[in-house]
>>> print(open('data-v2.pdb').read())   # PDB, C-alpha atoms
ATOM      1  CA  MET A   1     219.085   3.649 148.989
ATOM      2  CA  GLN A   2     217.084   2.978 145.804
ATOM      3  CA  LEU A   3     216.415   5.881 143.423
ATOM      4  CA  ASP A   4     213.780   5.397 140.744
ATOM      5  CA  LEU A   5     214.170   8.183 138.175
ATOM      6  CA  VAL A   6     211.068   7.268 136.190
ATOM      7  CA  CYS A   7     208.686   7.585 139.151
ATOM      8  CA  MET A   8     210.859  10.092 141.015
ATOM      9  CA  ASN A   9     210.930   7.973 144.163
ATOM     10  CA  CYS A  10     213.629   7.681 146.783
ATOM     11  CA  ARG A  11     213.495   4.696 149.137
ATOM     12  CA  SER A  12     215.660   3.198 151.839
ATOM     13  CA  GLU A  13     215.066   0.935 154.820
ATOM     14  CA  SER A  14     213.556   3.706 156.929
ATOM     15  CA  ILE A  15     212.565   6.529 154.538
ATOM     16  CA  TRP A  16     210.225   6.607 151.535
ATOM     17  CA  ILE A  17     210.044   9.855 149.563
ATOM     18  CA  GLU A  18     207.803  10.172 146.531
ATOM     19  CA  PHE A  19     207.827  13.325 144.442
ATOM     20  CA  ILE A  20     204.486  14.365 142.919
ATOM     21  CA  THR A  21     204.341  15.959 139.479
ATOM     22  CA  GLY A  22     202.320  19.146 139.409
ATOM     23  CA  SER A  23     200.910  21.121 136.520
ATOM     24  CA  ARG A  24     204.179  21.260 134.582
ATOM     25  CA  LYS A  25     203.312  18.498 132.171
ATOM     26  CA  THR A  26     203.793  18.388 128.415
ATOM     27  CA  SER A  27     200.049  18.000 127.897
ATOM     28  CA  ASN A  28     199.314  21.170 129.894
ATOM     29  CA  PHE A  29     201.887  23.141 127.890
ATOM     30  CA  CYS A  30     200.330  21.878 124.648
ATOM     31  CA  TRP A  31     196.764  22.688 125.719
ATOM     32  CA  ALA A  32     197.710  26.179 126.888
ATOM     33  CA  PHE A  33     199.568  26.903 123.648
ATOM     34  CA  ILE A  34     196.813  25.523 121.380
ATOM     35  CA  LEU A  35     194.148  27.420 123.303
ATOM     36  CA  PHE A  36     196.196  30.624 123.110
ATOM     37  CA  LEU A  37     196.658  30.335 119.339
ATOM     38  CA  GLY A  38     192.982  29.545 118.778
ATOM     39  CA  SER A  39     191.798  32.415 120.928
ATOM     40  CA  VAL A  40     194.136  34.860 119.183
ATOM     41  CA  GLY A  41     192.703  33.667 115.869
ATOM     42  CA  PHE A  42     189.123  34.185 117.036
ATOM     43  CA  LEU A  43     189.988  37.618 118.388
ATOM     44  CA  LEU A  44     191.720  38.676 115.154
ATOM     45  CA  VAL A  45     188.729  37.563 113.080
ATOM     46  CA  GLY A  46     186.380  39.528 115.339
ATOM     47  CA  ILE A  47     188.567  42.638 115.213
ATOM     48  CA  SER A  48     189.000  42.395 111.433
ATOM     49  CA  SER A  49     185.212  42.249 111.015
ATOM     50  CA  TYR A  50     184.918  45.414 113.137
ATOM     51  CA  LEU A  51     187.672  47.280 111.266
ATOM     52  CA  ASP A  52     186.600  45.955 107.860
ATOM     53  CA  ARG A  53     190.228  45.029 107.142
ATOM     54  CA  ASN A  54     191.809  41.638 106.539
ATOM     55  CA  LEU A  55     194.010  40.963 109.558
ATOM     56  CA  ILE A  56     193.944  37.255 108.699
ATOM     57  CA  SER A  57     194.303  36.478 105.009
ATOM     58  CA  LEU A  58     192.193  33.298 105.213
ATOM     59  CA  PHE A  59     188.956  35.182 105.913
ATOM     60  CA  PRO A  60     187.959  38.167 103.829
ATOM     61  CA  SER A  61     186.394  40.742 106.142
ATOM     62  CA  GLU A  62     183.329  41.016 103.909
ATOM     63  CA  GLN A  63     182.262  37.451 104.758
ATOM     64  CA  ILE A  64     181.876  38.092 108.496
ATOM     65  CA  ASN A  65     179.565  40.814 109.765
ATOM     66  CA  PHE A  66     180.560  42.472 112.995
ATOM     67  CA  PHE A  67     177.074  42.060 114.381
ATOM     68  CA  PRO A  68     176.507  39.227 115.468
ATOM     69  CA  GLN A  69     179.393  37.010 114.184
ATOM     70  CA  GLY A  70     182.254  39.419 114.904
ATOM     71  CA  ILE A  71     181.068  40.100 118.450
ATOM     72  CA  VAL A  72     180.732  36.382 119.170
ATOM     73  CA  MET A  73     184.177  35.648 117.697
ATOM     74  CA  SER A  74     185.703  38.445 119.794
ATOM     75  CA  PHE A  75     183.981  37.102 122.920
ATOM     76  CA  TYR A  76     185.316  33.577 122.268
ATOM     77  CA  GLY A  77     188.780  35.013 121.664
ATOM     78  CA  ILE A  78     188.775  36.970 124.926
ATOM     79  CA  ALA A  79     187.380  33.979 126.874
ATOM     80  CA  GLY A  80     190.072  31.737 125.347
ATOM     81  CA  LEU A  81     192.787  34.204 126.325
ATOM     82  CA  PHE A  82     191.540  34.181 129.927
ATOM     83  CA  ILE A  83     191.511  30.380 130.046
ATOM     84  CA  SER A  84     194.938  30.053 128.424
ATOM     85  CA  SER A  85     196.389  32.621 130.858
ATOM     86  CA  TYR A  86     194.854  30.625 133.741
ATOM     87  CA  LEU A  87     196.531  27.468 132.431
ATOM     88  CA  GLY A  88     199.785  29.395 132.033
ATOM     89  CA  CYS A  89     199.592  30.560 135.645
ATOM     90  CA  THR A  90     198.962  27.042 136.972
ATOM     91  CA  ILE A  91     201.953  25.826 134.953
ATOM     92  CA  THR A  92     204.148  28.684 136.211
ATOM     93  CA  TRP A  93     203.123  28.135 139.839
ATOM     94  CA  ASN A  94     203.351  24.323 139.367
ATOM     95  CA  VAL A  95     200.098  23.789 141.263
ATOM     96  CA  GLY A  96     199.730  20.289 142.699
ATOM     97  CA  SER A  97     203.419  19.432 142.884
ATOM     98  CA  GLY A  98     205.039  18.332 146.095
ATOM     99  CA  TYR A  99     206.173  15.219 147.895
ATOM    100  CA  ASP A 100     205.116  12.481 150.287
ATOM    101  CA  ARG A 101     207.684  11.567 152.948
ATOM    102  CA  PHE A 102     207.297   8.517 155.160
ATOM    103  CA  ASP A 103     209.981   8.191 157.854
ATOM    104  CA  ARG A 104     209.809   4.967 159.882
ATOM    105  CA  LYS A 105     212.855   5.923 161.951
ATOM    106  CA  GLU A 106     211.199   9.070 163.355
ATOM    107  CA  GLY A 107     207.640   7.730 162.977
ATOM    108  CA  ILE A 108     206.501  10.798 161.003
ATOM    109  CA  VAL A 109     204.600  11.239 157.744
ATOM    110  CA  CYS A 110     204.842  14.547 155.842
ATOM    111  CA  ILE A 111     202.676  15.418 152.852
ATOM    112  CA  PHE A 112     203.478  18.654 151.025
ATOM    113  CA  ARG A 113     201.735  20.228 148.004
ATOM    114  CA  TRP A 114     201.943  23.597 146.264
ATOM    115  CA  GLY A 115     198.609  25.372 145.774
ATOM    116  CA  PHE A 116     197.534  28.630 144.199
ATOM    117  CA  PRO A 117     199.206  31.821 145.488
ATOM    118  CA  GLY A 118     197.680  33.293 148.568
ATOM    119  CA  LYS A 119     197.314  32.479 152.230
ATOM    120  CA  ASN A 120     197.245  28.702 151.710
ATOM    121  CA  ARG A 121     199.880  28.406 148.948
ATOM    122  CA  ARG A 122     201.842  25.830 150.905
ATOM    123  CA  ILE A 123     199.842  22.799 151.975
ATOM    124  CA  PHE A 124     201.806  20.843 154.574
ATOM    125  CA  LEU A 125     200.380  17.941 156.566
ATOM    126  CA  ARG A 126     202.398  16.235 159.254
ATOM    127  CA  PHE A 127     201.229  13.409 161.475
ATOM    128  CA  LEU A 128     202.486  10.373 163.329
ATOM    129  CA  MET A 129     202.894   7.073 161.547
ATOM    130  CA  LYS A 130     201.026   5.254 164.317
ATOM    131  CA  ASP A 131     197.877   7.202 163.320
ATOM    132  CA  ILE A 132     197.804   5.543 159.882
ATOM    133  CA  GLN A 133     194.972   3.025 159.784
ATOM    134  CA  SER A 134     195.304   1.681 156.240
ATOM    135  CA  ILE A 135     196.039   2.279 152.586
ATOM    136  CA  ARG A 136     192.884   2.463 150.450
ATOM    137  CA  ILE A 137     192.467   2.090 146.708
ATOM    138  CA  GLU A 138     189.527   3.636 144.879
ATOM    139  CA  VAL A 139     188.941   2.356 141.353
ATOM    140  CA  LYS A 140     186.195   3.665 139.073
ATOM    141  CA  GLU A 141     186.129   2.298 135.543
ATOM    142  CA  GLY A 142     184.255   3.664 132.561
ATOM    143  CA  ILE A 143     184.607   6.692 130.328
ATOM    144  CA  TYR A 144     186.249   8.731 133.078
ATOM    145  CA  ALA A 145     188.378   6.039 134.697
ATOM    146  CA  ARG A 146     189.781   7.046 138.048
ATOM    147  CA  ARG A 147     192.304   5.192 140.182
ATOM    148  CA  VAL A 148     193.317   6.920 143.397
ATOM    149  CA  LEU A 149     195.487   5.793 146.285
ATOM    150  CA  TYR A 150     194.468   7.106 149.716
ATOM    151  CA  ILE A 151     196.017   6.949 153.146
ATOM    152  CA  GLU A 152     193.502   6.601 155.984
ATOM    153  CA  ILE A 153     194.491   8.685 159.017
ATOM    154  CA  ARG A 154     192.779   8.373 162.390
ATOM    155  CA  GLY A 155     190.872  11.611 163.025
ATOM    156  CA  LEU A 156     191.613  13.118 159.583
ATOM    157  CA  GLY A 157     189.970  10.675 157.201
ATOM    158  CA  ALA A 158     191.307   9.795 153.758
ATOM    159  CA  ILE A 159     194.098  11.821 152.134
ATOM    160  CA  PRO A 160     194.843  11.209 148.420
ATOM    161  CA  LEU A 161     198.450  10.361 147.637
ATOM    162  CA  ASN A 162     198.390  10.559 143.848
ATOM    163  CA  ARG A 163     196.817  12.831 141.266
ATOM    164  CA  THR A 164     193.470  11.737 139.851
ATOM    165  CA  ASP A 165     194.821  12.187 136.321
ATOM    166  CA  ASP A 166     197.879   9.943 136.779
ATOM    167  CA  ASN A 167     196.289   7.218 134.597
ATOM    168  CA  LEU A 168     197.821   4.342 136.504
ATOM    169  CA  THR A 169     196.840   0.863 135.385
ATOM    170  CA  PRO A 170     195.096  -1.342 137.965
ATOM    171  CA  ARG A 171     198.266  -3.424 138.257
ATOM    172  CA  GLU A 172     200.457  -0.340 138.846
ATOM    173  CA  ILE A 173     198.198   1.109 141.544
ATOM    174  CA  GLU A 174     197.903  -2.298 143.268
ATOM    175  CA  GLN A 175     201.688  -2.673 143.227
ATOM    176  CA  LYS A 176     202.186   0.853 144.558
ATOM    177  CA  ALA A 177     199.614   0.243 147.308
ATOM    178  CA  ALA A 178     201.180  -3.096 148.236
ATOM    179  CA  GLU A 179     204.692  -1.619 148.447
ATOM    180  CA  LEU A 180     203.530   1.332 150.551
ATOM    181  CA  ALA A 181     201.409  -0.854 152.847
ATOM    182  CA  TYR A 182     204.358  -3.196 153.330
ATOM    183  CA  PHE A 183     206.660  -0.255 154.090
ATOM    184  CA  LEU A 184     204.190   1.279 156.568
ATOM    185  CA  ARG A 185     203.084  -2.105 157.939
ATOM    186  CA  VAL A 186     199.377  -1.346 157.516
ATOM    187  CA  PRO A 187     196.554  -3.215 155.719
ATOM    188  CA  ILE A 188     195.160  -2.427 152.273
ATOM    189  CA  GLU A 189     191.467  -1.738 151.738
ATOM    190  CA  GLY A 190     189.202  -1.325 148.731
ATOM    191  CA  PHE A 191     190.166  -3.815 146.044
TER     192      PHE A 191
END
>>> encode(input="data-v2.pdb", output="C-alpha cells")
Amino acid sequence: MQLDLVCMNCRSESIWIEFITGSRKTSNFCWAFILFLGSVGFLLVGISSYLDRNLISLFPSEQINFFPQGIVMSFYGIAGLFISSYLGCTITWNVGSGYDRFDRKEGIVCIFRWGFPGKNRRIFLRFLMKDIQSIRIEVKEGIYARRVLYIEIRGLGAIPLNRTDDNLTPREIEQKAAELAYFLRVPIEGF
C-alpha cells in the first residue's frame, strides 16, 4: 500500500482513497482574520464619530462626521463582521472536505463531502464502478484559470473530483487523470 502524505492519498492494488481538503486552509484563516480586523477598525471609527471620542488614536473624532462618513464606516464594519463570521463558520464546519474511494475489489465508488449544516450536511454518493464511462479534464486558461477533473457516470453525468481552487498545473492534472483512468480502466476525455 502506497501512502502519499503530501496529497493525502492512499493506494493499493484494489483500493484508491483520496482525501479532499475542505475550507481549513491557511489562506482562509488569513482572509477571515484580516477581514475581522479590518471590519472591527471600520466599526470603531464609525462608533467613535458617533460618540465624539477617540476610540482609535490614529483618527481624531473631529475629522470624521457621523453623518454620512460615520454611518458608512459603521455599515462597512458590520458587513465585514458578517462576512468574517461566515468564513469562520465555513472553516469550523470544514465545508468541502471529504474523500473519494474507488474499490476495484468490490466494484464500488464512494464520494463523500461535508456541506453546510442542515438536512444535506453529509453528501454521500455511491455507485458501481461499471457505470463509470470516463475521466474528463476541463481546462480553462486566462485570468481565472480553472482545471477540474470529472468522473463521467452513466445516468448521473459529470461529478467533479477536485476543488476548483486547487491550482493544479496542467501536468499535475493530466498525471492525476492518467493514474485514475489507468486504475479504473476507463478512457480520458477533454485534453
>>> atom_distance(input="data-v2.pdb", atom1="atom CA of A:Tyr50", atom2="atom CA of A:Phe66")
5.3 Å
>>> resolve_selection(input="data-v2.pdb", expression="the PyMOL selection byres ((chain A and resi 173-184) around 10)", output="PyMOL selection string")
chain A and resi 11-16+102-104+107+129-130+132-139+147-151+162+167-172+185-189+191
>>> write_last_selection(input="data-v2.pdb", atoms="C-alpha atoms", output="compact mmCIF listing (two decimals), keeping the file's coordinate frame")
# COMPACT_ATOMS: atom_id res chain seq x y z
CA ARG A 11 213.50 4.70 149.14
CA SER A 12 215.66 3.20 151.84
CA GLU A 13 215.07 0.94 154.82
CA SER A 14 213.56 3.71 156.93
CA ILE A 15 212.56 6.53 154.54
CA TRP A 16 210.22 6.61 151.54
CA PHE A 102 207.30 8.52 155.16
CA ASP A 103 209.98 8.19 157.85
CA ARG A 104 209.81 4.97 159.88
CA GLY A 107 207.64 7.73 162.98
CA MET A 129 202.89 7.07 161.55
CA LYS A 130 201.03 5.25 164.32
CA ILE A 132 197.80 5.54 159.88
CA GLN A 133 194.97 3.02 159.78
CA SER A 134 195.30 1.68 156.24
CA ILE A 135 196.04 2.28 152.59
CA ARG A 136 192.88 2.46 150.45
CA ILE A 137 192.47 2.09 146.71
CA GLU A 138 189.53 3.64 144.88
CA VAL A 139 188.94 2.36 141.35
CA ARG A 147 192.30 5.19 140.18
CA VAL A 148 193.32 6.92 143.40
CA LEU A 149 195.49 5.79 146.28
CA TYR A 150 194.47 7.11 149.72
CA ILE A 151 196.02 6.95 153.15
CA ASN A 162 198.39 10.56 143.85
CA ASN A 167 196.29 7.22 134.60
CA LEU A 168 197.82 4.34 136.50
CA THR A 169 196.84 0.86 135.38
CA PRO A 170 195.10 -1.34 137.96
CA ARG A 171 198.27 -3.42 138.26
CA GLU A 172 200.46 -0.34 138.85
CA ARG A 185 203.08 -2.10 157.94
CA VAL A 186 199.38 -1.35 157.52
CA PRO A 187 196.55 -3.22 155.72
CA ILE A 188 195.16 -2.43 152.27
CA GLU A 189 191.47 -1.74 151.74
CA PHE A 191 190.17 -3.82 146.04
>>> atom_distance(input="data-v2.pdb", atom1="atom CA of A:Arg113", atom2="atom CA of A:Phe127")
15.1 Å
>>> atom_distance(input="data-v2.pdb", atom1="atom CA of A:Ile83", atom2="atom CA of A:Arg24")
16.3 Å
>>> closest_residue(input="data-v2.pdb", among="A:Phe42, A:Phe36, A:Phe29, A:Phe124", to="A:Ser74", atoms="all atoms listed in the file")
A:Phe42
>>> closest_residue(input="data-v2.pdb", among="A:Pro117, A:Gly80, A:Asp131, A:Ile91", to="A:Glu152", atoms="all atoms listed in the file")
A:Asp131
>>> closest_residue(input="data-v2.pdb", among="A:Asn65, A:Ser48, A:Ser39, A:Asn28", to="A:Gly88", atoms="only C-alpha atoms")
A:Asn28
>>> resolve_selection(input="data-v2.pdb", expression="the PyMOL selection byres ((chain A and resi 73) around 9)", output="MDAnalysis selection string")
chainID A and resid 39 41:47 68:72 74:78
>>> write_last_selection(input="data-v2.pdb", atoms="C-alpha atoms", output="CSV table (one decimal), in the coordinates of the input")
chain,number,residue,atom,x,y,z
A,39,SER,CA,191.8,32.4,120.9
A,41,GLY,CA,192.7,33.7,115.9
A,42,PHE,CA,189.1,34.2,117.0
A,43,LEU,CA,190.0,37.6,118.4
A,44,LEU,CA,191.7,38.7,115.2
A,45,VAL,CA,188.7,37.6,113.1
A,46,GLY,CA,186.4,39.5,115.3
A,47,ILE,CA,188.6,42.6,115.2
A,68,PRO,CA,176.5,39.2,115.5
A,69,GLN,CA,179.4,37.0,114.2
A,70,GLY,CA,182.3,39.4,114.9
A,71,ILE,CA,181.1,40.1,118.4
A,72,VAL,CA,180.7,36.4,119.2
A,74,SER,CA,185.7,38.4,119.8
A,75,PHE,CA,184.0,37.1,122.9
A,76,TYR,CA,185.3,33.6,122.3
A,77,GLY,CA,188.8,35.0,121.7
A,78,ILE,CA,188.8,37.0,124.9
>>> residues_near_point(input="data-v2.pdb", point="(204.5, 12.6, 153.9)", cutoff="10 Å", atoms="all atoms listed in the file", output="list of chain:residue names")
A:Trp16, A:Ile17, A:Glu18, A:Gly98, A:Tyr99, A:Asp100, A:Arg101, A:Phe102, A:Asp103, A:Ile108, A:Val109, A:Cys110, A:Ile111, A:Phe112, A:Phe124, A:Leu125, A:Arg126, A:Phe127, A:Leu128, A:Met129, A:Leu161
>>> closest_residue(input="data-v2.pdb", among="A:Gly157, A:Thr92, A:Ser84, A:Arg121", to="A:Leu35", atoms="all atoms listed in the file")
A:Ser84
